[in-house]
>>> print(open('structure.cif').read())   # mmCIF, C-alpha atoms
data_entry
#
loop_
_atom_site.label_atom_id
_atom_site.label_comp_id
_atom_site.auth_asym_id
_atom_site.auth_seq_id
_atom_site.Cartn_x
_atom_site.Cartn_y
_atom_site.Cartn_z
CA MET A 1 54.90 135.83 120.79
CA ARG A 2 53.35 134.62 124.04
CA VAL A 3 53.29 130.96 125.06
CA GLY A 4 49.67 130.67 123.80
CA GLU A 5 50.66 131.65 120.29
CA LEU A 6 53.76 129.44 120.44
CA SER A 7 51.41 126.57 121.31
CA LYS A 8 49.00 127.44 118.50
CA ARG A 9 51.69 127.75 115.84
CA SER A 10 53.54 124.59 116.88
CA GLY A 11 50.52 122.45 117.70
CA VAL A 12 52.17 121.58 121.04
CA ALA A 13 50.01 121.98 124.18
CA VAL A 14 51.04 124.69 126.67
CA PRO A 15 51.69 122.22 129.56
CA THR A 16 54.02 120.25 127.26
CA ILE A 17 55.87 123.45 126.30
CA LYS A 18 56.27 124.26 130.01
CA TYR A 19 57.59 120.76 130.62
CA TYR A 20 60.19 121.19 127.85
CA LEU A 21 61.18 124.56 129.38
CA ARG A 22 61.67 122.93 132.80
CA GLU A 23 63.67 120.08 131.23
CA GLY A 24 65.89 122.59 129.44
CA LEU A 25 64.95 121.36 125.95
CA LEU A 26 63.70 124.82 125.07
CA PRO A 27 65.55 127.99 126.14
CA ALA A 28 63.61 130.33 128.44
CA GLY A 29 61.73 133.23 126.84
CA VAL A 30 62.47 136.88 127.54
CA LEU A 31 60.46 138.04 130.55
CA THR A 32 58.23 140.99 129.67
CA SER A 33 56.58 141.02 133.09
CA PRO A 34 57.09 138.80 136.19
CA ASN A 35 54.52 136.30 134.85
CA GLN A 36 54.89 136.68 131.13
CA ALA A 37 57.61 135.61 128.74
CA HIS A 38 58.10 136.41 125.09
CA TYR A 39 59.18 133.76 122.54
CA ASP A 40 60.53 134.21 119.04
CA GLU A 41 60.90 132.24 115.78
CA GLU A 42 63.96 130.45 117.15
CA HIS A 43 61.83 129.00 119.97
CA LEU A 44 59.24 127.84 117.47
CA ARG A 45 61.91 126.18 115.37
CA ARG A 46 63.52 124.41 118.32
CA LEU A 47 60.10 123.30 119.56
CA ARG A 48 59.27 121.72 116.19
CA LEU A 49 62.63 119.96 116.22
CA VAL A 50 62.00 118.57 119.73
CA ARG A 51 58.57 117.29 118.58
CA ALA A 52 60.10 115.61 115.54
CA LEU A 53 62.71 113.92 117.72
CA VAL A 54 60.06 112.69 120.15
CA ASP A 55 57.26 111.80 117.69
CA VAL A 56 59.11 110.57 114.64
CA GLY A 57 62.36 109.46 116.20
CA GLY A 58 60.72 108.01 119.30
CA LEU A 59 63.56 109.46 121.37
CA SER A 60 63.44 109.74 125.13
CA ILE A 61 63.78 113.16 126.77
CA ALA A 62 67.33 112.18 127.79
CA SER A 63 68.25 111.35 124.16
CA VAL A 64 66.69 114.61 122.93
CA ARG A 65 68.88 116.46 125.42
CA GLU A 66 71.96 114.65 124.05
CA VAL A 67 71.04 115.53 120.47
CA LEU A 68 70.54 119.20 121.34
CA ALA A 69 73.86 119.25 123.20
CA ALA A 70 75.56 117.80 120.09
CA ILE A 71 73.95 120.49 117.92
CA ASP A 72 75.02 123.26 120.26
CA THR A 73 78.70 122.25 120.54
CA ARG A 74 81.25 124.39 118.71
CA GLU A 75 82.75 121.72 116.52
CA SER A 76 83.27 121.27 112.78
CA LEU A 77 80.10 120.33 110.91
CA HIS A 78 81.46 116.85 110.15
CA LYS A 79 82.15 116.18 113.85
CA LYS A 80 78.81 117.67 114.85
CA LEU A 81 76.98 115.38 112.43
CA GLY A 82 78.83 112.41 113.89
CA ALA A 83 77.92 113.43 117.45
CA VAL A 84 74.25 113.85 116.53
CA GLN A 85 74.20 110.44 114.87
CA GLU A 86 75.68 108.85 117.97
CA ALA A 87 73.04 110.58 120.11
CA ILE A 88 70.12 109.30 118.01
CA SER A 89 71.44 105.73 117.90
CA GLN A 90 70.01 104.09 120.97
CA PRO A 91 72.30 101.39 122.31
CA GLY A 92 70.34 98.13 122.54
CA THR A 93 70.34 95.68 125.41
CA THR A 94 71.10 92.59 123.30
CA GLU A 95 74.07 90.61 124.55
CA LEU A 96 76.86 90.77 121.99
CA ASP A 97 78.29 87.60 120.44
CA PRO A 98 82.13 87.87 120.40
CA LEU A 99 82.11 86.40 116.87
CA ALA A 100 79.70 89.15 115.73
CA ILE A 101 82.08 91.75 117.18
CA GLU A 102 84.88 90.15 115.12
CA ASP A 103 82.67 90.36 112.00
CA VAL A 104 82.11 94.07 112.60
CA GLN A 105 85.79 94.74 113.18
CA ALA A 106 86.72 92.86 109.98
CA PHE A 107 84.14 94.93 108.07
CA PHE A 108 85.53 98.22 109.42
CA ALA A 109 89.07 97.08 108.59
CA ARG A 110 88.03 96.21 104.99
CA GLN A 111 86.58 99.70 104.69
CA GLY A 112 89.73 101.30 106.07
CA GLU A 113 87.68 102.75 108.93
CA THR A 114 89.35 102.94 112.30
CA GLU A 115 87.44 105.86 113.83
CA CYS A 116 84.40 104.01 115.27
CA ALA A 117 85.49 100.38 115.07
CA ASP A 118 85.21 99.81 118.82
CA VAL A 119 81.75 98.66 120.02
CA THR A 120 82.37 100.14 123.45
CA GLU A 121 83.08 103.57 121.99
CA SER A 122 80.30 103.95 119.44
CA ASN A 123 76.54 103.38 119.75
CA VAL A 124 76.35 102.89 115.99
CA THR A 125 78.96 100.13 116.01
CA HIS A 126 77.29 98.55 119.03
CA MET A 127 73.97 98.55 117.13
CA LEU A 128 75.60 96.77 114.18
CA ALA A 129 77.21 94.13 116.41
CA ALA A 130 73.86 93.60 118.19
CA ALA A 131 72.06 93.00 114.88
CA LEU A 132 74.71 90.51 113.73
CA SER A 133 74.56 88.79 117.13
CA ALA A 134 70.80 88.37 116.69
CA ALA A 135 71.33 86.90 113.21
CA ARG A 136 73.91 84.47 114.61
CA SER A 137 71.54 83.41 117.39
CA VAL A 138 69.13 82.06 114.76
CA GLY A 139 71.87 80.37 112.75
CA HIS A 140 72.49 83.13 110.20
CA ASP A 141 76.27 83.54 110.65
CA HIS A 142 76.62 84.46 106.99
CA PHE A 143 74.47 87.53 107.30
CA ARG A 144 77.81 89.37 107.67
CA ASP A 145 78.36 88.80 103.92
CA LEU A 146 75.64 91.39 103.29
CA LEU A 147 77.57 94.24 104.95
CA ASP A 148 79.63 95.14 101.88
CA PRO A 149 76.76 95.24 99.34
CA TYR A 150 74.62 97.08 101.92
CA LEU A 151 77.28 99.77 102.25
CA GLU A 152 77.52 100.01 98.44
CA GLY A 153 73.77 100.71 98.16
CA LEU A 154 73.81 103.00 101.19
CA LYS A 155 76.52 105.18 99.67
CA ILE A 156 74.09 106.08 96.84
CA ILE A 157 71.52 106.90 99.51
CA ALA A 158 74.01 108.88 101.62
CA GLN A 159 74.98 110.88 98.54
CA ALA A 160 71.31 111.84 98.05
CA ASP A 161 71.11 112.77 101.76
CA VAL A 162 74.22 114.94 101.57
CA ASP A 163 72.93 116.65 98.40
CA TYR A 164 69.63 117.32 100.18
CA ILE A 165 71.46 118.75 103.18
CA ALA A 166 73.69 120.90 100.95
CA ARG A 167 70.58 122.53 99.43
CA GLN A 168 69.65 123.99 102.84
CA ARG A 169 70.34 127.68 103.27
CA SER A 170 71.59 128.26 106.80
CA ARG A 171 73.78 126.29 109.15
CA ASP A 172 70.77 125.66 111.43
CA ASP A 173 68.81 124.37 108.45
CA VAL A 174 71.68 121.98 107.68
CA ILE A 175 71.72 120.48 111.16
CA GLU A 176 67.94 120.21 111.22
CA ALA A 177 67.82 118.58 107.79
CA MET A 178 70.44 116.09 108.93
CA ILE A 179 68.47 115.07 112.01
CA ILE A 180 65.13 114.95 110.22
CA GLY A 181 66.75 113.17 107.29
CA THR A 182 68.31 110.53 109.50
CA LEU A 183 65.23 109.81 111.61
CA ILE A 184 62.54 110.13 108.96
CA GLY A 185 64.94 108.71 106.40
CA ASP A 186 65.20 105.47 108.40
CA ALA A 187 61.41 105.06 108.25
CA VAL A 188 61.30 105.93 104.54
CA LEU A 189 64.11 103.47 103.82
CA LYS A 190 62.28 100.71 105.67
CA ALA A 191 59.16 101.25 103.55
CA VAL A 192 60.93 101.73 100.22
CA ARG A 193 63.05 98.65 100.96
CA ARG A 194 59.84 96.61 100.83
CA LEU A 195 59.08 98.01 97.39
CA ALA A 196 62.62 97.21 96.22
CA HIS A 197 62.17 93.64 97.49
CA VAL A 198 58.89 93.30 95.65
CA GLN A 199 60.45 94.57 92.41
CA VAL A 200 63.62 92.48 92.64
CA SER A 201 61.88 89.30 93.87
CA ARG A 202 59.32 89.53 91.07
CA ASP A 203 62.19 89.62 88.56
CA VAL A 204 64.12 86.78 90.18
CA ILE A 205 61.53 84.50 91.74
CA GLY A 206 58.63 85.40 89.49
CA ASP A 207 54.97 85.41 90.35
CA GLY A 208 54.61 81.77 89.43
CA PRO A 209 52.13 79.13 90.56
CA VAL A 210 52.06 77.62 94.04
CA ASP A 211 55.18 75.59 94.74
CA SER A 212 53.86 72.20 95.73
CA THR A 213 57.14 70.93 97.15
CA SER A 214 56.62 72.60 100.53
CA MET B 1 62.32 65.48 122.59
CA ARG B 2 60.43 66.51 125.70
CA VAL B 3 59.56 70.12 126.53
CA GLY B 4 62.56 70.34 128.89
CA GLU B 5 64.99 69.54 126.11
CA LEU B 6 63.16 71.87 123.71
CA SER B 7 63.66 74.59 126.31
CA LYS B 8 67.33 73.77 126.76
CA ARG B 9 68.12 73.68 123.04
CA SER B 10 66.18 76.87 122.24
CA GLY B 11 67.08 78.85 125.33
CA VAL B 12 63.37 79.61 125.81
CA ALA B 13 61.92 78.98 129.31
CA VAL B 14 59.33 76.20 129.64
CA PRO B 15 56.50 78.56 130.79
CA THR B 16 57.13 80.73 127.70
CA ILE B 17 56.98 77.64 125.45
CA LYS B 18 53.67 76.67 127.09
CA TYR B 19 52.38 80.19 126.51
CA TYR B 20 53.30 79.99 122.79
CA LEU B 21 51.54 76.60 122.60
CA ARG B 22 48.36 78.07 124.12
CA GLU B 23 48.55 81.08 121.77
CA GLY B 24 48.90 78.74 118.79
CA LEU B 25 52.31 80.10 117.76
CA LEU B 26 53.79 76.63 118.14
CA PRO B 27 51.95 73.49 116.97
CA ALA B 28 51.11 70.98 119.71
CA GLY B 29 53.53 68.10 120.26
CA VAL B 30 52.58 64.44 119.82
CA LEU B 31 51.17 63.06 123.08
CA THR B 32 53.17 60.06 124.29
CA SER B 33 51.18 59.81 127.53
CA PRO B 34 48.28 61.89 128.90
CA ASN B 35 50.74 64.35 130.48
CA GLN B 36 53.67 64.17 128.14
CA ALA B 37 54.19 65.47 124.62
CA HIS B 38 57.00 64.85 122.19
CA TYR B 39 58.52 67.65 120.06
CA ASP B 40 60.74 67.42 117.00
CA GLU B 41 63.23 69.55 115.05
CA GLU B 42 60.39 71.41 113.32
CA HIS B 43 59.17 72.63 116.70
CA LEU B 44 62.66 73.80 117.59
CA ARG B 45 62.95 75.67 114.32
CA ARG B 46 59.56 77.36 114.65
CA LEU B 47 60.35 78.28 118.25
CA ARG B 48 63.60 79.98 117.21
CA LEU B 49 61.72 81.88 114.52
CA VAL B 50 59.10 83.06 117.02
CA ARG B 51 61.88 84.26 119.34
CA ALA B 52 63.58 86.15 116.51
CA LEU B 53 60.29 87.84 115.60
CA VAL B 54 59.67 88.84 119.22
CA ASP B 55 63.24 89.73 120.28
CA VAL B 56 64.78 91.18 117.14
CA GLY B 57 61.68 92.33 115.31
CA GLY B 58 59.95 93.59 118.44
CA LEU B 59 56.69 92.14 117.10
CA SER B 60 53.61 91.68 119.25
CA ILE B 61 52.11 88.19 119.64
CA ALA B 62 49.30 89.26 117.27
CA SER B 63 51.83 90.29 114.60
CA VAL B 64 53.78 87.05 115.05
CA ARG B 65 50.54 85.15 114.45
CA GLU B 66 49.98 87.13 111.23
CA VAL B 67 53.51 86.40 110.00
CA LEU B 68 53.13 82.67 110.70
CA ALA B 69 49.76 82.66 108.91
CA ALA B 70 51.40 84.32 105.89
CA ILE B 71 54.16 81.67 105.92
CA ASP B 72 51.66 78.83 106.13
CA THR B 73 49.41 79.94 103.24
CA ARG B 74 49.62 77.98 100.02
CA GLU B 75 50.60 80.81 97.71
CA SER B 76 53.43 81.44 95.29
CA LEU B 77 56.71 82.35 96.99
CA HIS B 78 56.54 85.91 95.61
CA LYS B 79 53.04 86.43 97.08
CA LYS B 80 54.05 84.79 100.34
CA LEU B 81 57.04 87.13 100.69
CA GLY B 82 54.72 90.08 100.07
CA ALA B 83 52.27 88.86 102.72
CA VAL B 84 55.03 88.36 105.28
CA GLN B 85 56.38 91.85 104.58
CA GLU B 86 52.93 93.33 105.11
CA ALA B 87 52.63 91.41 108.39
CA ILE B 88 55.94 92.70 109.77
CA SER B 89 55.23 96.32 108.78
CA GLN B 90 53.39 97.77 111.74
CA PRO B 91 50.97 100.48 110.68
CA GLY B 92 51.75 103.65 112.63
CA THR B 93 49.26 105.96 114.30
CA THR B 94 50.54 109.15 112.66
CA GLU B 95 47.83 111.17 110.94
CA LEU B 96 48.45 111.19 107.21
CA ASP B 97 48.87 114.47 105.34
CA PRO B 98 46.83 114.32 102.08
CA LEU B 99 49.77 115.95 100.24
CA ALA B 100 52.09 113.19 101.52
CA ILE B 101 49.66 110.59 100.16
CA GLU B 102 49.82 112.37 96.78
CA ASP B 103 53.64 112.26 96.94
CA VAL B 104 53.55 108.52 97.56
CA GLN B 105 51.08 107.91 94.74
CA ALA B 106 53.19 109.97 92.33
CA PHE B 107 56.25 107.94 93.35
CA PHE B 108 54.46 104.63 92.75
CA ALA B 109 53.18 105.91 89.39
CA ARG B 110 56.74 106.92 88.34
CA GLN B 111 57.90 103.41 89.23
CA GLY B 112 55.05 101.85 87.24
CA GLU B 113 53.81 100.20 90.44
CA THR B 114 50.06 99.90 90.87
CA GLU B 115 49.92 96.86 93.17
CA CYS B 116 50.32 98.53 96.58
CA ALA B 117 49.80 102.22 95.73
CA ASP B 118 46.79 102.58 98.04
CA VAL B 119 47.64 103.57 101.63
CA THR B 120 44.47 101.93 102.93
CA GLU B 121 45.42 98.60 101.36
CA SER B 122 49.07 98.27 102.29
CA ASN B 123 50.84 98.71 105.63
CA VAL B 124 54.07 99.38 103.77
CA THR B 125 52.56 102.22 101.73
CA HIS B 126 50.92 103.59 104.86
CA MET B 127 54.31 103.61 106.61
CA LEU B 128 55.83 105.56 103.73
CA ALA B 129 53.02 108.13 103.72
CA ALA B 130 53.34 108.48 107.52
CA ALA B 131 57.08 109.19 107.25
CA LEU B 132 56.54 111.81 104.54
CA SER B 133 53.71 113.34 106.61
CA ALA B 134 56.12 113.69 109.52
CA ALA B 135 58.71 115.34 107.24
CA ARG B 136 56.05 117.78 105.98
CA SER B 137 55.00 118.62 109.54
CA VAL B 138 58.49 120.03 110.18
CA GLY B 139 58.61 121.89 106.88
CA HIS B 140 60.49 119.29 104.83
CA ASP B 141 58.07 118.95 101.90
CA HIS B 142 60.97 118.23 99.56
CA PHE B 143 61.96 115.10 101.38
CA ARG B 144 59.89 113.33 98.69
CA ASP B 145 62.71 114.09 96.22
CA LEU B 146 64.79 111.47 98.03
CA LEU B 147 62.43 108.59 97.19
CA ASP B 148 63.90 107.89 93.76
CA PRO B 149 67.59 107.85 94.76
CA TYR B 150 66.65 105.82 97.87
CA LEU B 151 65.00 103.20 95.68
CA GLU B 152 68.06 103.15 93.41
CA GLY B 153 70.37 102.37 96.36
CA LEU B 154 67.86 99.92 97.86
CA LYS B 155 67.72 97.89 94.65
CA ILE B 156 71.42 97.07 95.10
CA ILE B 157 70.62 96.06 98.68
CA ALA B 158 67.56 94.04 97.63
CA GLN B 159 69.66 92.23 95.05
CA ALA B 160 72.08 91.19 97.81
CA ASP B 161 69.11 90.08 99.96
CA VAL B 162 67.63 88.01 97.15
CA ASP B 163 71.03 86.40 96.42
CA TYR B 164 71.35 85.57 100.11
CA ILE B 165 67.89 84.04 100.14
CA ALA B 166 68.60 82.07 96.97
CA ARG B 167 71.60 80.43 98.67
CA GLN B 168 69.28 78.77 101.22
CA ARG B 169 68.64 75.09 100.69
CA SER B 170 65.00 74.38 101.52
CA ARG B 171 61.79 76.29 101.06
CA ASP B 172 61.50 76.72 104.84
CA ASP B 173 65.03 78.11 104.94
CA VAL B 174 64.06 80.61 102.24
CA ILE B 175 61.07 81.96 104.17
CA GLU B 176 63.07 82.10 107.38
CA ALA B 177 65.98 83.89 105.71
CA MET B 178 63.53 86.39 104.25
CA ILE B 179 62.01 87.20 107.62
CA ILE B 180 65.32 87.32 109.47
CA GLY B 181 66.86 89.28 106.60
CA THR B 182 64.08 91.85 106.63
CA LEU B 183 63.98 92.38 110.39
CA ILE B 184 67.68 92.12 111.18
CA GLY B 185 68.48 93.73 107.84
CA ASP B 186 66.58 96.87 108.89
CA ALA B 187 68.75 97.18 112.00
CA VAL B 188 71.94 96.50 110.03
CA LEU B 189 70.95 99.08 107.40
CA LYS B 190 70.34 101.67 110.07
CA ALA B 191 73.82 101.17 111.52
CA VAL B 192 75.67 100.89 108.20
CA ARG B 193 73.80 103.99 106.96
CA ARG B 194 75.62 105.95 109.68
CA LEU B 195 78.95 104.70 108.37
CA ALA B 196 77.96 105.66 104.80
CA HIS B 197 77.04 109.14 106.06
CA VAL B 198 80.36 109.49 107.83
CA GLN B 199 82.27 108.43 104.70
CA VAL B 200 80.29 110.60 102.26
CA SER B 201 80.11 113.64 104.54
CA ARG B 202 83.85 113.51 105.16
CA ASP B 203 84.42 113.62 101.39
CA VAL B 204 81.93 116.42 100.79
CA ILE B 205 81.96 118.56 103.92
CA GLY B 206 85.44 117.72 105.11
CA ASP B 207 86.73 117.63 108.65
CA GLY B 208 87.53 121.32 108.61
CA PRO B 209 87.80 123.86 111.41
CA VAL B 210 84.86 125.18 113.39
CA ASP B 211 82.51 127.24 111.23
CA SER B 212 82.30 130.55 113.02
CA THR B 213 79.28 131.81 111.05
CA SER B 214 76.79 129.97 113.25
#
>>> encode(input="structure.cif", output="structure tokens")
Amino acid sequence: MRVGELSKRSGVAVPTIKYYLREGLLPAGVLTSPNQAHYDEEHLRRLRLVRALVDVGGLSIASVREVLAAIDTRESLHKKLGAVQEAISQPGTTELDPLAIEDVQAFFARQGETECADVTESNVTHMLAAALSAARSVGHDHFRDLLDPYLEGLKIIAQADVDYIARQRSRDDVIEAMIIGTLIGDAVLKAVRRLAHVQVSRDVIGDGPVDSTS
Amino acid sequence: MRVGELSKRSGVAVPTIKYYLREGLLPAGVLTSPNQAHYDEEHLRRLRLVRALVDVGGLSIASVREVLAAIDTRESLHKKLGAVQEAISQPGTTELDPLAIEDVQAFFARQGETECADVTESNVTHMLAAALSAARSVGHDHFRDLLDPYLEGLKIIAQADVDYIARQRSRDDVIEAMIIGTLIGDAVLKAVRRLAHVQVSRDVIGDGPVDSTS
């Protein structure tokens, strides 16, 4: 297809497509004449993925490039998934509290995880230490006690994610499902978490009258 | 204490404190002379909460004002928690897919929830429909199948949150723990979710050799 049809089918404007081509986020089409290139289904697919990363994931062009590089490496699927997850975890700018770093390391040790325990080596671990540092800054040192039950609940969720990924047909579908699942999944989790809070808090706290002791 | 000490103890610059006072995010101090006001521990506490909402939650001043209004209403604790959660859920600008709205309504119906099932009435429900719309836009209609297992895992997490909140001593501590827990908890969940993925995917997919079928 020509760039016009690629634009129509993807819903992405032609100038944006040309920008992605210049930035190397989309491989060049096959030239059919000096001024005309031909694109195929693979281009359409990659273009939709780039849009999802930008729109849903809110990733910068630089992060999108990192994710695509992780996808395109020749590594085992497990390693590739890990690399993609690192690429979509934006390291924050929060200053880390040394005590929060200790909390994270103790948590990883309890879980028998040594692979990503170092905050300087993993964006994901850095993100966790940053969140615990923020909790500590407002006096919630004991927020670390939630890490173990959180992981317990998240393993049920991760199992559902992995089952969903395993239902995909091709290797490309698997990678795409993993990225979409992680980015969109974070937003879904955030929303469904509110519903879980409502359900659990109604059971525990009840929908009683106004507490007049405030 | 004077504004200088409030600044020192909170780590918030005096001009920022004055800005919060003008915006009504912080109640005025008691005037001890025409040019001098006195602040107490309640001011310090509220100031730290405002900072957490801005820094950790990334909330706008308008959203912070909504959260504080929800805290200060005279409602039951359950309703107050619901109002705060609505206030900290920023409605996105994504166009909603009518089929995604149907998915959300079917999910709420399965859960026997009628309270917030309408996307026009709840930011949280809107956020969920927006995430599913994004999944549909990249061909992942079946992402909706993950809602039920997600809720199952999130109930374990919500139980831990509610237990954490219940350990707080005063009513103010409870509200604060809820807000901090929701905002910081989202960041912690995101990071720990990666660890859960790594653990589950290692079990299922294995750390095998490069798949040469790609």
>>> atom_distance(input="structure.cif", atom1="CA of Asn123 (chain B)", atom2="CA of Ala196 (chain B)")
28.0 Å
>>> resolve_selection(input="structure.cif", expression="the PyMOL selection byres ((chain B) within 6 of (chain A))", output="list in words")
Glu75, Ser76, His78, Val124, Leu128, Ala131, Tyr150, Gly153, Leu154, Lys155, Ile156, Ile157, Ala158, Ile184, Val188, Ala191, Arg193, Ala196, His197, Asp207, Gly208, Pro209 and Val210 of chain B
>>> calpha_fit_rmsd(input="structure.cif", fixed="chain A", moving="chain B")
0.1 Å
>>> atom_distance(input="structure.cif", atom1="CA of Leu47 (chain B)", atom2="CA of Lys18 (chain B)")
11.2 Å
>>> closest_residue(input="structure.cif", among="B:Leu21, B:Ile165, B:Ala13, B:Leu59", to="Arg46 (chain B)", atoms="all atoms listed in the file")
B:Leu21
>>> axis_aligned_box(input="structure.cif", around="region 172-178 of chain B", padding_each_side="5 Å", output="AutoDock Vina command-line options")
--center_x 63.5 --center_y 81.6 --center_z 104.8 --size_x 14.9 --size_y 19.7 --size_z 15.1
>>> residues_around(input="structure.cif", residues="Gln36 (chain B)", least_positions_apart="3", cutoff="12 Å", atoms="all atoms listed in the file", output="PDB file with C-alpha atoms, in the coordinates of the input")
ATOM      1  CA  MET B   1      62.320  65.480 122.590  1.00  0.00           C
ATOM      2  CA  ARG B   2      60.430  66.510 125.700  1.00  0.00           C
ATOM      3  CA  VAL B   3      59.560  70.120 126.530  1.00  0.00           C
ATOM      4  CA  GLY B   4      62.560  70.340 128.890  1.00  0.00           C
ATOM      5  CA  ALA B  28      51.110  70.980 119.710  1.00  0.00           C
ATOM      6  CA  GLY B  29      53.530  68.100 120.260  1.00  0.00           C
ATOM      7  CA  VAL B  30      52.580  64.440 119.820  1.00  0.00           C
ATOM      8  CA  LEU B  31      51.170  63.060 123.080  1.00  0.00           C
ATOM      9  CA  THR B  32      53.170  60.060 124.290  1.00  0.00           C
ATOM     10  CA  SER B  33      51.180  59.810 127.530  1.00  0.00           C
ATOM     11  CA  TYR B  39      58.520  67.650 120.060  1.00  0.00           C
TER      12      TYR B  39
END
>>> resolve_selection(input="structure.cif", expression="the PyMOL selection byres ((chain A and resi 25) around 9)", output="PyMOL selection string")
chain A and resi 19-24+26-27+46-47+50+61+64-65+68
>>> decode(input="structure.cif", residues="region 127-138 of chain B", atoms="N, CA, C and O atoms", output="PDB file, in the first residue's frame")
ATOM      1  N   MET B 127     -12.061   5.821  33.303  1.00  0.00           N
ATOM      2  CA  MET B 127     -10.660   5.408  33.123  1.00  0.00           C
ATOM      3  C   MET B 127     -10.579   3.966  32.622  1.00  0.00           C
ATOM      4  O   MET B 127      -9.783   3.646  31.736  1.00  0.00           O
ATOM      5  N   LEU B 128     -11.432   3.118  33.178  1.00  0.00           N
ATOM      6  CA  LEU B 128     -11.452   1.712  32.782  1.00  0.00           C
ATOM      7  C   LEU B 128     -11.910   1.569  31.328  1.00  0.00           C
ATOM      8  O   LEU B 128     -11.301   0.845  30.534  1.00  0.00           O
ATOM      9  N   ALA B 129     -12.970   2.292  30.969  1.00  0.00           N
ATOM     10  CA  ALA B 129     -13.475   2.232  29.595  1.00  0.00           C
ATOM     11  C   ALA B 129     -12.432   2.788  28.615  1.00  0.00           C
ATOM     12  O   ALA B 129     -12.281   2.276  27.502  1.00  0.00           O
ATOM     13  N   ALA B 130     -11.692   3.814  29.036  1.00  0.00           N
ATOM     14  CA  ALA B 130     -10.661   4.406  28.171  1.00  0.00           C
ATOM     15  C   ALA B 130      -9.539   3.397  27.927  1.00  0.00           C
ATOM     16  O   ALA B 130      -9.044   3.266  26.803  1.00  0.00           O
ATOM     17  N   ALA B 131      -9.142   2.663  28.965  1.00  0.00           N
ATOM     18  CA  ALA B 131      -8.074   1.668  28.812  1.00  0.00           C
ATOM     19  C   ALA B 131      -8.523   0.547  27.874  1.00  0.00           C
ATOM     20  O   ALA B 131      -7.767   0.125  26.991  1.00  0.00           O
ATOM     21  N   LEU B 132      -9.764   0.089  28.039  1.00  0.00           N
ATOM     22  CA  LEU B 132     -10.258  -0.983  27.164  1.00  0.00           C
ATOM     23  C   LEU B 132     -10.447  -0.480  25.730  1.00  0.00           C
ATOM     24  O   LEU B 132     -10.263  -1.231  24.771  1.00  0.00           O
ATOM     25  N   SER B 133     -10.799   0.810  25.582  1.00  0.00           N
ATOM     26  CA  SER B 133     -10.911   1.395  24.238  1.00  0.00           C
ATOM     27  C   SER B 133      -9.553   1.382  23.554  1.00  0.00           C
ATOM     28  O   SER B 133      -9.443   1.063  22.363  1.00  0.00           O
ATOM     29  N   ALA B 134      -8.514   1.717  24.310  1.00  0.00           N
ATOM     30  CA  ALA B 134      -7.152   1.732  23.763  1.00  0.00           C
ATOM     31  C   ALA B 134      -6.749   0.317  23.347  1.00  0.00           C
ATOM     32  O   ALA B 134      -6.155   0.126  22.283  1.00  0.00           O
ATOM     33  N   ALA B 135      -7.086  -0.678  24.172  1.00  0.00           N
ATOM     34  CA  ALA B 135      -6.762  -2.069  23.834  1.00  0.00           C
ATOM     35  C   ALA B 135      -7.473  -2.469  22.541  1.00  0.00           C
ATOM     36  O   ALA B 135      -6.875  -3.062  21.641  1.00  0.00           O
ATOM     37  N   ARG B 136      -8.758  -2.100  22.434  1.00  0.00           N
ATOM     38  CA  ARG B 136      -9.526  -2.418  21.222  1.00  0.00           C
ATOM     39  C   ARG B 136      -8.925  -1.756  19.987  1.00  0.00           C
ATOM     40  O   ARG B 136      -8.922  -2.345  18.913  1.00  0.00           O
ATOM     41  N   SER B 137      -8.409  -0.534  20.153  1.00  0.00           N
ATOM     42  CA  SER B 137      -7.878   0.197  18.997  1.00  0.00           C
ATOM     43  C   SER B 137      -6.662  -0.505  18.399  1.00  0.00           C
ATOM     44  O   SER B 137      -6.324  -0.281  17.253  1.00  0.00           O
ATOM     45  N   VAL B 138      -5.976  -1.344  19.183  1.00  0.00           N
ATOM     46  CA  VAL B 138      -4.842  -2.096  18.636  1.00  0.00           C
ATOM     47  C   VAL B 138      -5.197  -3.580  18.501  1.00  0.00           C
ATOM     48  O   VAL B 138      -4.316  -4.445  18.488  1.00  0.00           O
TER      49      VAL B 138
END
